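What follows is the content of work39.tsv (TSV, C-alpha atoms).
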chain	number	residue	atom	x	y	z
A	638	MET	CA	-35.46	29.99	-22.02
A	639	LYS	CA	-31.74	29.19	-22.29
A	640	HIS	CA	-31.45	29.31	-18.47
A	641	LYS	CA	-34.35	26.84	-18.07
A	642	MET	CA	-32.76	24.47	-20.61
A	643	LEU	CA	-29.38	24.55	-18.80
A	644	THR	CA	-31.12	23.92	-15.48
A	645	ALA	CA	-32.97	20.92	-16.93
A	646	VAL	CA	-29.76	19.50	-18.44
A	647	ALA	CA	-27.95	19.93	-15.11
A	648	LEU	CA	-30.80	18.21	-13.25
A	649	VAL	CA	-30.83	15.25	-15.66
A	650	ALA	CA	-27.03	14.96	-15.44
A	651	THR	CA	-27.16	15.01	-11.63
A	652	LEU	CA	-29.92	12.39	-11.45
A	653	GLY	CA	-28.13	10.25	-14.04
A	654	THR	CA	-24.90	10.38	-12.02
A	655	ALA	CA	-26.76	9.44	-8.84
A	656	ALA	CA	-28.43	6.50	-10.62
A	657	VAL	CA	-25.12	5.25	-12.01
A	658	GLY	CA	-23.50	5.60	-8.55
A	659	SER	CA	-26.32	3.58	-7.02
A	660	ALA	CA	-26.08	0.95	-9.75
A	661	LEU	CA	-22.34	0.57	-9.19
A	662	ALA	CA	-22.63	0.30	-5.40
A	663	THR	CA	-22.58	-3.17	-3.92
A	664	PRO	CA	-24.74	-3.07	-0.79
A	665	GLY	CA	-24.27	-5.57	1.99
A	666	SER	CA	-26.68	-8.34	2.93
A	667	GLY	CA	-27.29	-10.13	6.21
A	668	ILE	CA	-25.60	-7.30	8.15
A	669	THR	CA	-26.65	-5.61	11.37
A	670	ALA	CA	-24.56	-2.81	12.84
A	671	ALA	CA	-24.87	-0.88	16.07
A	672	LEU	CA	-22.86	2.25	16.81
A	673	LEU	CA	-21.52	1.81	20.36
A	674	ALA	CA	-19.64	5.10	20.72
A	675	ARG	CA	-18.33	8.04	18.72
A	676	GLY	CA	-16.21	11.03	19.63
A	677	THR	CA	-13.90	13.69	18.20
A	678	LEU	CA	-10.14	13.60	18.71
A	679	GLU	CA	-8.63	17.07	18.42
A	680	SER	CA	-5.51	17.42	16.28
A	681	ASP	CA	-3.55	18.90	19.21
A	682	HIS	CA	-4.43	16.00	21.55
A	683	THR	CA	-1.40	14.71	23.44
A	684	GLY	CA	-3.03	12.42	25.96
A	685	HIS	CA	-4.47	12.62	29.45
A	686	HIS	CA	-3.42	15.80	31.27
A	687	GLY	CA	-1.09	16.79	28.43
A	688	HIS	CA	1.19	13.74	28.66
A	689	HIS	CA	2.07	11.44	25.80
A	690	TRP	CA	0.54	7.97	25.98
A	691	TRP	CA	3.24	5.75	27.33
A	692	ALA	CA	4.40	3.93	30.40
A	693	LYS	CA	8.02	3.64	31.50
A	694	ARG	CA	10.23	1.82	29.00
A	695	GLN	CA	7.44	1.46	26.44
A	696	LYS	CA	7.32	3.15	23.08
A	697	PRO	CA	4.77	5.94	22.81
A	698	VAL	CA	1.54	5.49	20.90
A	699	ARG	CA	1.16	8.39	18.53
A	700	ILE	CA	-1.64	9.25	16.16
A	701	ALA	CA	-0.77	11.76	13.45
A	702	LEU	CA	-3.78	13.87	12.54
A	703	ARG	CA	-4.01	16.55	9.91
A	704	ARG	CA	-7.25	17.82	11.40
A	705	PRO	CA	-9.66	17.01	14.21
A	706	SER	CA	-11.17	13.62	13.40
A	707	ASP	CA	-13.82	11.28	14.67
A	708	VAL	CA	-13.24	7.87	16.20
A	709	ALA	CA	-16.16	5.43	16.27
A	710	VAL	CA	-16.74	1.93	17.62
A	711	GLN	CA	-19.32	-0.29	16.00
A	712	GLN	CA	-20.59	-3.81	16.66
A	713	VAL	CA	-21.24	-5.60	13.36
A	714	THR	CA	-22.92	-8.98	12.91
A	715	VAL	CA	-22.73	-10.80	9.57
A	716	ALA	CA	-25.20	-13.66	9.16
A	717	PRO	CA	-24.10	-16.92	7.48
A	718	GLY	CA	-23.93	-16.20	3.75
A	719	GLY	CA	-23.95	-12.45	4.46
A	720	SER	CA	-21.65	-9.89	2.90
A	721	THR	CA	-20.53	-6.34	3.64
A	722	GLY	CA	-20.65	-5.40	-0.04
A	723	TRP	CA	-17.63	-3.69	-1.62
A	724	HIS	CA	-16.69	-0.66	0.44
A	725	SER	CA	-13.90	1.41	1.96
A	726	HIS	CA	-13.44	3.64	5.00
A	727	PRO	CA	-12.27	7.26	5.30
A	728	GLY	CA	-9.42	6.14	7.59
A	729	PRO	CA	-8.01	2.94	9.11
A	730	ALA	CA	-10.29	0.44	10.81
A	731	ILE	CA	-9.21	-2.06	13.48
A	732	VAL	CA	-11.42	-5.15	13.46
A	733	ILE	CA	-11.71	-7.72	16.27
A	734	VAL	CA	-13.52	-10.94	15.39
A	735	LYS	CA	-15.39	-11.89	18.56
A	736	SER	CA	-17.15	-14.99	17.20
A	737	GLY	CA	-17.58	-16.84	13.94
A	738	ALA	CA	-15.30	-16.00	11.02
A	739	LEU	CA	-15.08	-13.40	8.27
A	740	THR	CA	-13.28	-13.80	4.94
A	741	LEU	CA	-11.85	-10.56	3.60
A	742	TYR	CA	-11.22	-9.96	-0.11
A	743	ASP	CA	-9.19	-6.98	-1.39
A	744	GLU	CA	-9.83	-5.02	-4.56
A	745	ASP	CA	-6.16	-5.21	-5.57
A	746	ASP	CA	-5.92	-9.02	-5.49
A	747	PRO	CA	-6.34	-10.22	-9.09
A	748	ARG	CA	-6.74	-13.86	-7.91
A	749	CYS	CA	-9.51	-12.98	-5.44
A	750	LYS	CA	-7.90	-15.06	-2.71
A	751	GLY	CA	-9.58	-14.16	0.55
A	752	THR	CA	-8.08	-14.21	4.02
A	753	THR	CA	-10.24	-15.74	6.74
A	754	TYR	CA	-10.15	-14.30	10.25
A	755	ALA	CA	-11.64	-16.52	12.97
A	756	ALA	CA	-12.76	-15.65	16.50
A	757	GLY	CA	-9.98	-14.01	18.51
A	758	LYS	CA	-8.17	-12.62	15.47
A	759	VAL	CA	-7.62	-8.95	14.73
A	760	PHE	CA	-6.94	-7.26	11.41
A	761	VAL	CA	-6.40	-3.68	10.31
A	762	ASP	CA	-8.03	-2.29	7.20
A	763	GLU	CA	-5.90	0.50	5.77
A	764	GLY	CA	-8.89	2.63	4.70
A	765	TYR	CA	-8.32	5.85	2.75
A	766	GLY	CA	-10.16	4.50	-0.28
A	767	HIS	CA	-8.84	0.91	-0.24
A	768	GLY	CA	-11.78	-1.26	-1.38
A	769	HIS	CA	-12.64	-4.63	0.12
A	770	ILE	CA	-15.52	-6.95	0.87
A	771	GLY	CA	-16.11	-9.14	3.92
A	772	ARG	CA	-18.10	-12.36	3.56
A	773	ASN	CA	-19.36	-14.84	6.12
A	774	GLU	CA	-18.76	-18.13	4.36
A	775	GLY	CA	-19.42	-20.15	7.54
A	776	THR	CA	-22.53	-21.59	9.16
A	777	THR	CA	-22.68	-19.31	12.23
A	778	SER	CA	-22.91	-15.54	12.55
A	779	ALA	CA	-19.70	-13.53	12.64
A	780	GLU	CA	-19.61	-10.87	15.36
A	781	LEU	CA	-17.10	-8.07	14.87
A	782	TYR	CA	-16.08	-5.01	16.86
A	783	VAL	CA	-14.70	-2.30	14.61
A	784	THR	CA	-12.87	0.86	15.68
A	785	PHE	CA	-12.75	3.48	12.92
A	786	LEU	CA	-9.94	6.05	13.13
A	787	ASP	CA	-9.23	9.38	11.40
A	788	MET	CA	-12.73	9.93	10.02
A	789	PRO	CA	-13.63	13.50	9.07
A	790	VAL	CA	-15.87	14.93	11.81
A	791	GLY	CA	-19.44	13.79	11.15
A	792	ALA	CA	-18.51	11.46	8.25
A	793	GLU	CA	-19.94	8.00	7.81
A	794	PRO	CA	-17.49	5.16	8.55
A	795	ARG	CA	-18.46	3.27	5.37
A	796	ILE	CA	-17.98	4.41	1.76
A	797	ASP	CA	-19.64	2.26	-0.91
A	798	VAL	CA	-17.36	1.42	-3.85
A	799	PRO	CA	-18.14	-0.48	-7.06
A	800	SER	CA	-17.02	-4.06	-7.50
A	801	PRO	CA	-13.49	-4.03	-8.93
A	802	GLY	CA	-14.39	-7.06	-11.04
A	803	ASN	CA	-11.66	-9.32	-9.67
A	804	CYS	CA	-14.08	-11.63	-7.82
A	805	PRO	CA	-17.12	-13.54	-9.17
A	806	PHE	CA	-19.37	-12.00	-6.50

What is this file in structure tokens?
Amino acid sequence: MKHKMLTAVALVATLGTAAVGSALATPGSGITAALLARGTLESDHTGHHGHHWWAKRQKPVRIALRRPSDVAVQQVTVAPGGSTGWHSHPGPAIVIVKSGALTLYDEDDPRCKGTTYAAGKVFVDEGYGHGHIGRNEGTTSAELYVTFLDMPVGAEPRIDVPSPGNCPF
């Protein structure tokens, strides 16, 4: 009987935690995303045919990995008035704004002053748990191409996080 009671308590606690996690999440709206490519970069990778990635007189491009990790490229469209919801990424993300504009708000900005990136601009999200939200505050769709780096193999590129409470949305 004691075992059944502990099992029931554990089940209720697990379901309660899941419900609270869902309630705290801030899902996106007006978003479509298509995964264009995904692959695994081995931690001992040094470039094509064992050479470092550089041309003469240029500095090498190096990626420090603690483990094999996935790299993914995604096309994301945010409709006018749409939002990504508060989220983070398991590693850095490089974002190219192809068309439209996206305003990015960071969880650590107490004034909630967004930065707008228009077509042709690129920004890097630091990832590793840093929360942010992207909003299309314009009148046309924003089309983004996002390259996610240093994701654990098989992990999702997006991690929902609760609203930090610094913005009215």

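Nearest to Tyr782 of chain A of all the residues A:Arg795, A:Lys735, A:His769, A:His726 is A:Lys735, counting all atoms listed in the file.
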
Checklist entry - Just how far from atom CA of Glu763 of chain A is atom CA of Ala674 of chain A, in Å to one decimal? => result 20.8 Å

Checklist entry - Between A:Ile731, A:Ile770, A:Cys749, A:Val708, which is the closest to Leu678 of chain A once you count all atoms listed in the file? => result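 Checking each of A:Ile731, A:Ile770, A:Cys749, A:Val708 against Leu678 of chain A, counting all atoms listed in the file, the winner is A:Val708.
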
Next on the checklist: Quick one: residues within 10 Å of Gly802 of chain A, only C-alpha atoms, excluding same-chain residues fewer than 2 positions away - as JSON, numbers by chain?
Outcome noted: {"A": [744, 747, 749, 799, 800, 804, 805, 806]}

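Minimum atom-to-atom distance to Ser720 of chain A, evaluated using all atoms listed in the file, belongs to A:Gly771 out of A:Pro801, A:Gly771, A:Gly676, A:Pro789.
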
Next on the checklist: Just want the 10 Å neighbourhood of Gln712 of chain A, counted on all atoms listed in the file, with same-chain residues fewer than 3 positions away dropped. Output as a list in words.
Outcome noted: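 Listed by chain and then number, they are Thr669, Ala670, Ala671, Leu672, Leu673, Ala674, Val732, Ile733, Lys735, Glu780, Leu781, Tyr782, Val783 and Thr784 of chain A.
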
Checklist entry - From the list A:Pro729, A:Gly751, A:Gly719, A:Gly791, which residue is nearest Gly665 of chain A when using only C-alpha atoms? => result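 Residue with the minimum atom-to-atom distance to Gly665 of chain A: A:Gly719.
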
Next on the checklist: As an exercise, work out the distance from atom CA of Arg772 of chain A to atom CA of Glu793 of chain A in Å and give it to one decimal place.
Outcome noted: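 Taking atom CA of Arg772 of chain A as the start and atom CA of Glu793 of chain A as the end point, the length is 20.9 Å.
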
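For the pair atom CA of Pro664 of chain A and atom CA of Ser736 of chain A, the separation is 22.9 Å.
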
Next on the checklist: Given the point (-6.6, 6.5, 4.9) in the coordinates of this file, which residues lie within 7 Å, counting only C-alpha atoms, and how would they look as a PyMOL selection string?
Outcome noted: chain A and resi 727-729+763-766

Next on the checklist: Ranking A:Tyr742, A:Arg675, A:Val798, A:Val734 by minimum distance to Val710 of chain A and counting only C-alpha atoms, which one comes first?
Outcome noted: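 Checking each candidate against Val710 of chain A, we get A:Arg675 as the closest.
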
Checklist entry - In terms of the shortest atom-to-atom distance over only C-alpha atoms, which of A:Ala756, A:Ala662, A:Ala709, A:Ala730 is closest to Thr677 of chain A? => result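 Closest residue, counting only C-alpha atoms: A:Ala709.
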